[in-house]
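Undergrad: Sending over a structure as structure tokens; questions will come in a sec.
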Amino acid sequence: MERYGYASSERLDLTFAALADPTRRAILARLATGEATVTELAEPFEMSQPAISKHLKVLERAGLISMDVDAQRRPRKLEPKRLEEAVDWIERYREIFEQNYQRLDALLEELQAKPSKRKRSRKSR
Amino acid sequence: MPKPAEVTLPSDREVRVTRTFNAPRQLVWDAHNKPDLVRKWQGYDGWDMPVCDMDVRVGGKYKWQWRSREDGKQFGFFGTFTEVNVPSKLVHDQYYDPGDMDFAMPAADPCIVSLELSEKNGVTTLVCNMTFASKEAREDAVSTGMTDGMEHSYTRLDDMLEVAE
């Protein structure tokens, strides 16, 4: 498994910076339904095509989307792998805590059962 | 069972974990402050906690160390309590002590950990907010080697559940 060293840390920075903007997130949501051209992507936003293109560049640099250079309309499409990597990182945090907290759940249950001092304790729920 | 922990990123240096517990706040507080209780849940599968010293008062220090059951390697955290408000808020800084682990985290930069507990209808909500020195430190914190050791099952939890039931 890949270690989350500095190289990938820089990549995560790019990914999170790209995701920090609502317009760019909307673009990703649109691309999640299928590829689209710059014109199509600009339509739902009150933004010029150059402004949209700027956002697309940020997303491209972060590896979140790619452009099909061969096709004449140059459609953009989603690159799900990079997004997964970002989610993965948060998921790792969640796992570390969740494993601890499940042990804490058990401990709390044990502590609350204790006052009865009986081996055979009833379930409280 | 309570809902699984929720993780959000309030800023680019923070991680916030929210979780509920089916227990009164005082008990959740105790479980975070009494070394005998802390030892029982805080850590990682396959690791024991031979050192758990906590002087819970403003300016008081704490030291946590874990030891791998597999190879005896140790690592830990240490720091100072900066805010103690029984039973609702606990704030401390946290330095990483790599011990004999072969991964390095910038030990000079502490993380600020803030724990807040609130209770409603016998259910306690815990919000743990960690503020790191930098974005890099935030990302490195998950790369500490113990995550490898944690891919294990929930055997310890199962054991404890059996005892409790």
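Identifiers in this document derive from the order of the structure tokens: chains are assigned A, B, ..., residues are numbered from 1 separately in each chain, and ligands are numbered from 1 in order of occurrence.
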Do me a favour and pick out the residues of chain A within 6 Å of chain B, using only C-alpha atoms, as a list in words.
TA: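 Residues satisfying the distance criterion: Tyr4, Arg94, Glu98, Asn100, Arg103, Leu104, Ala106 and Glu110 of chain A.
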Undergrad: Those same residues, written as a short mmCIF file (atom, residue, chain, number, x, y, z; two decimals), in the first residue's frame with N, CA and C atoms?
TA:
data_model
loop_
_atom_site.label_atom_id
_atom_site.label_comp_id
_atom_site.auth_asym_id
_atom_site.auth_seq_id
_atom_site.Cartn_x
_atom_site.Cartn_y
_atom_site.Cartn_z
N TYR A 4 1.54 7.54 2.82
CA TYR A 4 1.13 8.91 2.59
C TYR A 4 2.28 9.86 2.92
N ARG A 94 -10.96 8.54 10.01
CA ARG A 94 -12.23 8.08 10.58
C ARG A 94 -12.06 6.69 11.19
N GLU A 98 -12.80 5.63 14.88
CA GLU A 98 -13.93 4.72 15.05
C GLU A 98 -13.51 3.46 15.81
N ASN A 100 -11.15 3.21 18.01
CA ASN A 100 -11.02 3.60 19.40
C ASN A 100 -12.39 3.75 20.06
N ARG A 103 -14.21 0.66 21.02
CA ARG A 103 -13.71 0.11 22.29
C ARG A 103 -14.26 0.91 23.46
N LEU A 104 -14.35 2.25 23.25
CA LEU A 104 -14.90 3.10 24.30
C LEU A 104 -16.38 2.77 24.54
N ALA A 106 -17.75 -0.10 24.29
CA ALA A 106 -17.77 -1.33 25.09
C ALA A 106 -17.44 -1.04 26.55
N GLU A 110 -19.76 -1.46 29.85
CA GLU A 110 -19.27 -2.24 30.98
C GLU A 110 -19.39 -1.43 32.28
#
Undergrad: Extract, using only C-alpha atoms, all DNA, RNA and protein residues at most 12 Å from Ala29 (chain A), discarding same-chain residues fewer than 4 positions from it, and format them as a count of residues only.
TA: 17
Undergrad: Using only C-alpha atoms, determine which residues lie at most 6 Å from region 53-68 of chain B, disregarding the query and same-chain residues fewer than 5 positions distant; provide the list as a list in words.
TA: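 My reading of the contact set: Trp47, Asp48, Lys73, Gln74, Phe75, Gly76, Phe77, Phe78, Gly79, Thr80, Phe81, Thr82, Glu83 and Val84 of chain B.
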Undergrad: Just N, CA and C atoms for this one: save the residues we selected as a PDB file, in the first residue's frame.
TA:
ATOM      1  N   TRP B  47      -1.667  -3.397  20.157  1.00  0.00           N
ATOM      2  CA  TRP B  47      -0.739  -2.558  20.923  1.00  0.00           C
ATOM      3  C   TRP B  47      -1.212  -2.453  22.370  1.00  0.00           C
ATOM      4  N   ASP B  48      -0.290  -2.561  23.323  1.00  0.00           N
ATOM      5  CA  ASP B  48      -0.610  -2.313  24.716  1.00  0.00           C
ATOM      6  C   ASP B  48      -0.203  -0.890  25.058  1.00  0.00           C
ATOM      7  N   LYS B  73       8.016  -2.762  19.564  1.00  0.00           N
ATOM      8  CA  LYS B  73       8.324  -1.366  19.251  1.00  0.00           C
ATOM      9  C   LYS B  73       7.387  -0.422  19.985  1.00  0.00           C
ATOM     10  N   GLN B  74       7.931   0.747  20.330  1.00  0.00           N
ATOM     11  CA  GLN B  74       7.135   1.719  21.076  1.00  0.00           C
ATOM     12  C   GLN B  74       7.068   3.075  20.410  1.00  0.00           C
ATOM     13  N   PHE B  75       5.996   3.751  20.630  1.00  0.00           N
ATOM     14  CA  PHE B  75       5.882   5.158  20.229  1.00  0.00           C
ATOM     15  C   PHE B  75       4.842   5.793  21.148  1.00  0.00           C
ATOM     16  N   GLY B  76       4.719   7.105  21.083  1.00  0.00           N
ATOM     17  CA  GLY B  76       3.724   7.708  21.955  1.00  0.00           C
ATOM     18  C   GLY B  76       3.460   9.175  21.674  1.00  0.00           C
ATOM     19  N   PHE B  77       2.708   9.757  22.574  1.00  0.00           N
ATOM     20  CA  PHE B  77       2.416  11.184  22.522  1.00  0.00           C
ATOM     21  C   PHE B  77       2.610  11.763  23.926  1.00  0.00           C
ATOM     22  N   PHE B  78       2.940  13.026  23.987  1.00  0.00           N
ATOM     23  CA  PHE B  78       3.017  13.684  25.285  1.00  0.00           C
ATOM     24  C   PHE B  78       2.623  15.138  25.116  1.00  0.00           C
ATOM     25  N   GLY B  79       2.321  15.814  26.216  1.00  0.00           N
ATOM     26  CA  GLY B  79       1.940  17.212  26.121  1.00  0.00           C
ATOM     27  C   GLY B  79       1.462  17.764  27.442  1.00  0.00           C
ATOM     28  N   THR B  80       0.825  18.932  27.364  1.00  0.00           N
ATOM     29  CA  THR B  80       0.393  19.660  28.548  1.00  0.00           C
ATOM     30  C   THR B  80      -1.077  20.046  28.406  1.00  0.00           C
ATOM     31  N   PHE B  81      -1.811  19.927  29.482  1.00  0.00           N
ATOM     32  CA  PHE B  81      -3.213  20.355  29.465  1.00  0.00           C
ATOM     33  C   PHE B  81      -3.279  21.878  29.574  1.00  0.00           C
ATOM     34  N   THR B  82      -4.049  22.489  28.704  1.00  0.00           N
ATOM     35  CA  THR B  82      -4.132  23.952  28.709  1.00  0.00           C
ATOM     36  C   THR B  82      -5.512  24.450  29.137  1.00  0.00           C
ATOM     37  N   GLU B  83      -6.509  23.577  29.076  1.00  0.00           N
ATOM     38  CA  GLU B  83      -7.846  23.947  29.532  1.00  0.00           C
ATOM     39  C   GLU B  83      -8.534  22.706  30.085  1.00  0.00           C
ATOM     40  N   VAL B  84      -9.019  22.809  31.315  1.00  0.00           N
ATOM     41  CA  VAL B  84      -9.708  21.675  31.922  1.00  0.00           C
ATOM     42  C   VAL B  84     -11.005  22.186  32.532  1.00  0.00           C
TER      43      VAL B  84
END
Undergrad: Expressed in Å to a single decimal, how great is the separation between CA of Pro75 (chain A) and CA of Trp89 (chain A)?
TA: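 A separation of 29.2 Å between them.
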Undergrad: Which of region 20-121 of chain B end up as strand (DSSP E or B) when DSSP is run on this backbone - answer as an MDAnalysis selection string?
TA: chainID B and resid 20:21 47:54 61:68 74:85 89:97 111:120
Undergrad: Between CA of Leu31 (chain A) and CA of Ala86 (chain A), measure the distance and give it in Å to one decimal.
TA: 17.6 Å
